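**Student:** Handing you a structure now.
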Amino acid sequence: MKVIIIDDEKAMHLIMRKFLEKIPNIQIIGSFQDTNSATLFLNNQPADLAFVDISMPNESGMQFAKRMAETCNNLHIVFVTSHKEYAIDAFDIFALDYIVKPVSLERLQKTVRRALAIHPLSEGTKEDQNANRIFIYCMGGLEVRSEQGGGVKWISRKSAELFGYLLFNRGRMVSRTRLMEDIFGGMPPKNAETYLNTTIYQLRKSLEPHGLKSLVKSNTDSYGMDIADVYIDFVEFEDKLKGFDVIDASNLDEAIAIEELFVGDLFGERAFLWALSDIERFARIYAVFIKKLAMALLNDHDGDSVAVRLLHKLLARNELDEEVTTLLLNAYAAQMDRGSFIRQYRQYVKILRKELGMGPSQKLVVLYSHLLSNLDRV
């Protein structure tokens, strides 16, 4: 996969190159400090993936991405920025990913894996030229890609929301009344009906360039989505988890690979109100899986550092989770890392007292004392 880097800071070129050169199947073909130079280069040398800073001189990375969407359909854009506030705008123009600095190798690897999953589709070597397989990514955002037309560009945010709603009800027809209540709730009925009609039209127009307009089915008072042979990331994630009642040395690598499918909460920052229960359900499923995986990694002895990394991801989602803190303390004790062990415990106690006005459970206090005494004897 051919990659370019666009950032006005020369230091970021060195950092990005250092990480990207460690990732297989990546060829860095150019680095640029402004979008004009990158555009001139792309006129003669096609690239597959561009890592673009948003804050750039003259033309912003966002403006550059909008131009590329019109002229280079096969160029996937990944924003690399110090600013979190542009994320929604970035995905509205169909960025492949959005990375907040500082950049890590792990984060880049996830992005590249997603890009490589899509990349072969743009090579023009399809066995069946009439095929138009669809890839839908709902973890961390809402992204729809087709072999025929690349990424779907939503005409409006409501059209994207309607797609997500019908996707979750795939195989079932949904009444107009229910759609108006769940997506346009709070509006007067007449207004809601008008907005629904407009949004249905916008959704079909968004899908039309990809040959997907017929996905949306309708009858006299209902709408639905007819999907077959489609890759849906949250379905893939949930299906793969069903085979992991037990995680041990025999399937650790596969379990770690499955964890990487969860790149963020369902629908990411869009977080549609009607999807809140499913967002919470997937978050719980993920948490249970990571705790089980972390225990298996700790039992494997060589997986302590990976366990620590995954547990900190969980703790960032819920700082009050005592089970995660317990596993982290065990991981640090296994690493003989007395400093991190003590800091983790004290930080958890401080958060408990601040947020809940209470101390840790007696069970955790006993575990901490026991592990600390073992570390002191070393």
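Letters for chains follow the order of the structure tokens (A, B, ...), residue numbers begin at 1 for each chain, and ligand numbers begin at 1 in the order shown.
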Using only C-alpha atoms, tabulate the residues of segment 182-231 of chain A lying at most 12 Å from any atom of segment 262-273 of chain A, each with its closest atom pair and that distance in Å to one decimal, by chain and increasing residue number, as JSON lines.

**Tutor:**
{"residue": "A:Asp182", "atom": "CA", "partner": "A:Leu273", "partner_atom": "CA", "distance": 8.2}
{"residue": "A:Ile183", "atom": "CA", "partner": "A:Leu273", "partner_atom": "CA", "distance": 8.4}
{"residue": "A:Phe184", "atom": "CA", "partner": "A:Leu273", "partner_atom": "CA", "distance": 10.8}
{"residue": "A:Gly185", "atom": "CA", "partner": "A:Leu273", "partner_atom": "CA", "distance": 10.3}

**Student:** Which residues are close to Tyr231 of chain A, i.e. within 7 Å by only C-alpha atoms, leaving aside same-chain residues fewer than 3 positions away? Reply as a PyMOL selection string.

**Tutor:** chain A and resi 134-136

**Student:** Residues at most 12 Å from Tyr137 of chain A, counting only C-alpha atoms, excluding those fewer than 6 positions away in the same chain, as a ChimeraX atom specification?

**Tutor:** /A:91,94,96-97,114,117-118,143-146,151-152,164,167,230-237,261-268

**Student:** Write the residues you've just listed into a file as a short mmCIF file (atom, residue, chain, number, x, y, z; two decimals), in the first residue's frame, and include N, CA and C atoms for each of them.

**Tutor:**
data_model
loop_
_atom_site.label_atom_id
_atom_site.label_comp_id
_atom_site.auth_asym_id
_atom_site.auth_seq_id
_atom_site.Cartn_x
_atom_site.Cartn_y
_atom_site.Cartn_z
N PHE A 91 -15.47 12.75 9.85
CA PHE A 91 -16.19 11.56 9.39
C PHE A 91 -17.35 11.92 8.46
N PHE A 94 -16.06 11.64 5.26
CA PHE A 94 -15.68 10.24 5.06
C PHE A 94 -14.19 9.95 5.17
N LEU A 96 -11.14 7.93 6.61
CA LEU A 96 -11.01 6.54 7.02
C LEU A 96 -10.83 6.43 8.52
N ASP A 97 -10.08 7.39 9.10
CA ASP A 97 -9.83 7.35 10.54
C ASP A 97 -9.42 8.74 11.02
N ARG A 114 -7.26 -1.60 8.90
CA ARG A 114 -8.55 -1.26 8.28
C ARG A 114 -8.34 -0.87 6.82
N ALA A 117 -7.70 -3.81 4.64
CA ALA A 117 -8.90 -4.61 4.40
C ALA A 117 -9.70 -4.07 3.23
N ILE A 118 -9.60 -2.75 3.01
CA ILE A 118 -10.35 -2.10 1.94
C ILE A 118 -9.52 -2.00 0.67
N GLU A 143 -19.46 4.09 8.88
CA GLU A 143 -18.77 4.15 7.58
C GLU A 143 -19.27 3.02 6.70
N VAL A 144 -19.64 3.36 5.48
CA VAL A 144 -20.12 2.38 4.51
C VAL A 144 -19.28 2.49 3.25
N ARG A 145 -18.73 1.38 2.81
CA ARG A 145 -17.92 1.37 1.59
C ARG A 145 -18.44 0.27 0.66
N SER A 146 -18.31 0.53 -0.62
CA SER A 146 -18.68 -0.48 -1.61
C SER A 146 -17.53 -0.66 -2.59
N GLY A 151 -16.34 5.09 -0.65
CA GLY A 151 -17.08 5.44 0.56
C GLY A 151 -18.36 6.20 0.28
N VAL A 152 -19.42 5.85 1.00
CA VAL A 152 -20.69 6.57 0.88
C VAL A 152 -20.55 7.93 1.56
N GLY A 164 -28.27 3.73 9.82
CA GLY A 164 -27.92 2.95 11.00
C GLY A 164 -29.13 2.29 11.63
N LEU A 167 -30.26 -0.54 9.47
CA LEU A 167 -29.25 -1.60 9.55
C LEU A 167 -29.49 -2.46 10.78
N VAL A 230 -22.78 -9.01 3.14
CA VAL A 230 -22.25 -7.72 3.58
C VAL A 230 -21.37 -7.94 4.80
N TYR A 231 -20.21 -7.26 4.82
CA TYR A 231 -19.37 -7.29 6.01
C TYR A 231 -19.84 -6.18 6.95
N ILE A 232 -20.23 -6.56 8.18
CA ILE A 232 -20.65 -5.60 9.20
C ILE A 232 -19.77 -5.84 10.41
N ASP A 233 -18.99 -4.84 10.82
CA ASP A 233 -17.97 -5.08 11.83
C ASP A 233 -18.54 -5.51 13.18
N PHE A 234 -19.65 -4.93 13.63
CA PHE A 234 -20.16 -5.32 14.94
C PHE A 234 -20.75 -6.73 14.93
N VAL A 235 -21.26 -7.16 13.76
CA VAL A 235 -21.74 -8.54 13.63
C VAL A 235 -20.54 -9.50 13.66
N GLU A 236 -19.49 -9.13 12.93
CA GLU A 236 -18.26 -9.94 12.92
C GLU A 236 -17.68 -10.06 14.34
N PHE A 237 -17.65 -8.95 15.05
CA PHE A 237 -17.11 -8.92 16.42
C PHE A 237 -17.92 -9.85 17.33
N LEU A 261 -10.81 -5.50 16.66
CA LEU A 261 -11.99 -5.12 15.89
C LEU A 261 -12.76 -4.00 16.59
N PHE A 262 -12.63 -3.94 17.91
CA PHE A 262 -13.37 -2.94 18.69
C PHE A 262 -12.55 -1.64 18.71
N VAL A 263 -12.76 -0.80 17.71
CA VAL A 263 -11.97 0.43 17.60
C VAL A 263 -12.65 1.60 18.30
N GLY A 264 -13.79 1.37 18.91
CA GLY A 264 -14.52 2.42 19.63
C GLY A 264 -15.95 2.00 19.85
N ASP A 265 -16.67 2.78 20.64
CA ASP A 265 -18.07 2.46 20.91
C ASP A 265 -18.90 2.46 19.64
N LEU A 266 -19.97 1.72 19.67
CA LEU A 266 -20.88 1.64 18.54
C LEU A 266 -21.31 3.04 18.10
N PHE A 267 -21.10 3.36 16.83
CA PHE A 267 -21.44 4.65 16.21
C PHE A 267 -20.55 5.81 16.70
N GLY A 268 -19.59 5.53 17.55
CA GLY A 268 -18.63 6.55 17.98
C GLY A 268 -19.31 7.78 18.54
#

**Student:** Would you give me, as a VMD selection string, the residues in segment 122-282 of chain A that DSSP reads as alpha helix (DSSP H)?

**Tutor:** chain A and resid 157 to 168 176 to 183 189 to 207 233 to 241 252 to 259 276 to 282

**Student:** Between A:Val378, A:Met173, A:Ile6, A:Met16, which has the minimum distance to Met225 of chain A (counting only C-alpha atoms)?

**Tutor:**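 Checking each candidate against Met225 of chain A, we get A:Met173 as the closest.
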
**Student:** Restrict the calculation to only C-alpha atoms, then for each residue of segment 162-261 of chain A with any atom at most 12 Å from an atom of segment 299-323 of chain A give the closest atom pair and their distance in Å to one decimal, rows by chain and rising residue number, as CSV.

**Tutor:**
residue,atom,partner,partner_atom,distance
A:Ile247,CA,A:Asn299,CA,10.4
A:Asp248,CA,A:Asp300,CA,7.8
A:Ala249,CA,A:Asp300,CA,6.6
A:Ser250,CA,A:Asp300,CA,10.4
A:Asn251,CA,A:Asp300,CA,11.4
A:Leu252,CA,A:Asp300,CA,9.1
A:Asp253,CA,A:Gly303,CA,10.6
A:Ile256,CA,A:Val306,CA,9.1
A:Glu259,CA,A:Leu310,CA,9.0
A:Glu260,CA,A:Leu310,CA,10.4

**Student:** Could you save the residues just selected, with all heavy atoms, as a short mmCIF file (atom, residue, chain, number, x, y, z; two decimals), in the first residue's frame?

**Tutor:**
data_model
loop_
_atom_site.label_atom_id
_atom_site.label_comp_id
_atom_site.auth_asym_id
_atom_site.auth_seq_id
_atom_site.Cartn_x
_atom_site.Cartn_y
_atom_site.Cartn_z
N ILE A 247 -10.46 -18.73 27.12
CA ILE A 247 -9.27 -18.17 26.48
C ILE A 247 -8.06 -18.73 27.20
O ILE A 247 -7.94 -18.62 28.42
CB ILE A 247 -9.25 -16.63 26.55
CG1 ILE A 247 -10.51 -16.04 25.91
CG2 ILE A 247 -8.01 -16.08 25.85
CD1 ILE A 247 -10.59 -14.52 25.99
N ASP A 248 -7.17 -19.37 26.44
CA ASP A 248 -5.95 -19.93 27.02
C ASP A 248 -4.81 -19.79 26.01
O ASP A 248 -4.94 -19.09 25.00
CB ASP A 248 -6.16 -21.39 27.44
CG ASP A 248 -6.69 -22.26 26.32
OD1 ASP A 248 -6.38 -21.96 25.13
OD2 ASP A 248 -7.41 -23.24 26.59
N ALA A 249 -3.71 -20.43 26.29
CA ALA A 249 -2.52 -20.30 25.43
C ALA A 249 -2.79 -20.71 23.99
O ALA A 249 -2.14 -20.21 23.07
CB ALA A 249 -1.37 -21.13 26.00
N SER A 250 -3.78 -21.58 23.78
CA SER A 250 -4.03 -22.09 22.43
C SER A 250 -4.71 -21.08 21.53
O SER A 250 -4.64 -21.19 20.30
CB SER A 250 -4.89 -23.36 22.51
OG SER A 250 -6.20 -23.05 22.98
N ASN A 251 -5.40 -20.08 22.11
CA ASN A 251 -6.13 -19.13 21.26
C ASN A 251 -5.87 -17.67 21.63
O ASN A 251 -6.64 -16.79 21.27
CB ASN A 251 -7.63 -19.43 21.29
CG ASN A 251 -8.22 -19.37 22.70
OD1 ASN A 251 -7.56 -18.94 23.64
ND2 ASN A 251 -9.47 -19.79 22.83
N LEU A 252 -4.78 -17.42 22.34
CA LEU A 252 -4.49 -16.05 22.78
C LEU A 252 -4.32 -15.09 21.61
O LEU A 252 -4.87 -13.98 21.61
CB LEU A 252 -3.21 -16.04 23.63
CG LEU A 252 -3.39 -16.15 25.15
CD1 LEU A 252 -2.04 -16.13 25.83
CD2 LEU A 252 -4.26 -15.02 25.68
N ASP A 253 -3.55 -15.49 20.60
CA ASP A 253 -3.29 -14.61 19.46
C ASP A 253 -4.59 -14.26 18.73
O ASP A 253 -4.80 -13.11 18.31
CB ASP A 253 -2.31 -15.26 18.48
CG ASP A 253 -0.90 -15.31 19.04
OD1 ASP A 253 -0.62 -14.57 19.99
OD2 ASP A 253 -0.08 -16.10 18.54
N ILE A 256 -6.55 -11.73 20.82
CA ILE A 256 -5.99 -10.38 20.71
C ILE A 256 -6.40 -9.74 19.39
O ILE A 256 -6.71 -8.54 19.33
CB ILE A 256 -4.45 -10.43 20.84
CG1 ILE A 256 -4.06 -10.83 22.28
CG2 ILE A 256 -3.83 -9.08 20.49
CD1 ILE A 256 -2.59 -11.14 22.44
N GLU A 259 -9.92 -8.47 19.67
CA GLU A 259 -9.99 -7.23 20.45
C GLU A 259 -9.78 -6.02 19.55
O GLU A 259 -10.37 -4.96 19.76
CB GLU A 259 -8.94 -7.26 21.56
CG GLU A 259 -8.99 -6.07 22.52
CD GLU A 259 -8.25 -4.84 22.02
OE1 GLU A 259 -7.26 -5.01 21.27
OE2 GLU A 259 -8.66 -3.71 22.35
N GLU A 260 -8.94 -6.18 18.54
CA GLU A 260 -8.61 -5.06 17.67
C GLU A 260 -9.76 -4.65 16.76
O GLU A 260 -9.74 -3.58 16.16
CB GLU A 260 -7.37 -5.40 16.84
CG GLU A 260 -6.11 -5.49 17.69
CD GLU A 260 -4.92 -6.05 16.94
OE1 GLU A 260 -5.10 -6.51 15.80
OE2 GLU A 260 -3.81 -6.04 17.51
#

**Student:** Name the residues of segment 84-320 of chain A that fall into strand (DSSP E or B) according to DSSP on the backbone, using the chain letters and numbers of this document, as a list in words.

**Tutor:**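 The residues of segment 84-320 of chain A classed as strand (DSSP E or B) are Asp97, Tyr98, Ile99, Val100, Ile134, Phe135, Ile136, Tyr137, Met139, Glu143, Val144, Arg145, Ser146, Gly150, Gly151, Val174, Ser175, Val216, Lys217, Ser218, Ser222, Tyr223, Gly224, Met225, Val230, Tyr231, Ile232 and Leu266 of chain A.
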
**Student:** Choose the residue, out of A:Ala69, A:Ser156, A:His13, A:Glu238, that has the smallest atom-to-atom separation from Arg204 of chain A; count only C-alpha atoms.

**Tutor:**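 Ranked by minimum distance to Arg204 of chain A, first place goes to A:Ser156.
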
**Student:** Could you check which of A:Ala95, A:Leu116, A:Met358, A:Ala294 is closest to Gly141 of chain A, using only C-alpha atoms?

**Tutor:**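 So, comparing all the options, the nearest one is A:Ala95.
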
**Student:** Just the residues within 12 Å of segment 45-48 of chain A, please, counting only C-alpha atoms, with nothing from its chain fewer than 6 positions along; format it as a ChimeraX atom specification.

**Tutor:** /A:1-5,25-31,38-39,68,71-78,96,112,115-116,118-123

**Student:** What does the structure give for the distance between atom CA of Arg107 of chain A and atom CA of Lys10 of chain A, in Å to one decimal?

**Tutor:**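 Computed distance, atom CA of Arg107 of chain A to atom CA of Lys10 of chain A, equals 20.5 Å.
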
**Student:** Would you pick out the contacts of Asn330 of chain A at 8 Å or less, using only C-alpha atoms, so that residues sharing its chain but fewer than 4 positions from it are not included, and give the list as a compact mmCIF listing (two decimals) with all heavy atoms, in the first residue's frame?

**Tutor:**
# COMPACT_ATOMS: atom_id res chain seq x y z
N THR A 326 -8.01 -4.57 40.16
CA THR A 326 -7.45 -5.79 40.74
C THR A 326 -6.55 -6.51 39.76
O THR A 326 -5.44 -6.94 40.10
CB THR A 326 -8.59 -6.73 41.19
OG1 THR A 326 -9.39 -6.08 42.18
CG2 THR A 326 -8.04 -8.03 41.76
N ALA A 334 3.22 -9.04 38.89
CA ALA A 334 3.88 -10.07 38.08
C ALA A 334 5.10 -9.50 37.36
O ALA A 334 6.10 -10.20 37.14
CB ALA A 334 2.90 -10.65 37.06
N LEU A 371 0.22 -8.45 48.09
CA LEU A 371 1.12 -8.31 46.94
C LEU A 371 2.28 -7.37 47.25
O LEU A 371 3.42 -7.60 46.82
CB LEU A 371 0.34 -7.81 45.72
CG LEU A 371 -0.71 -8.77 45.13
CD1 LEU A 371 -1.46 -8.10 43.98
CD2 LEU A 371 -0.06 -10.06 44.65
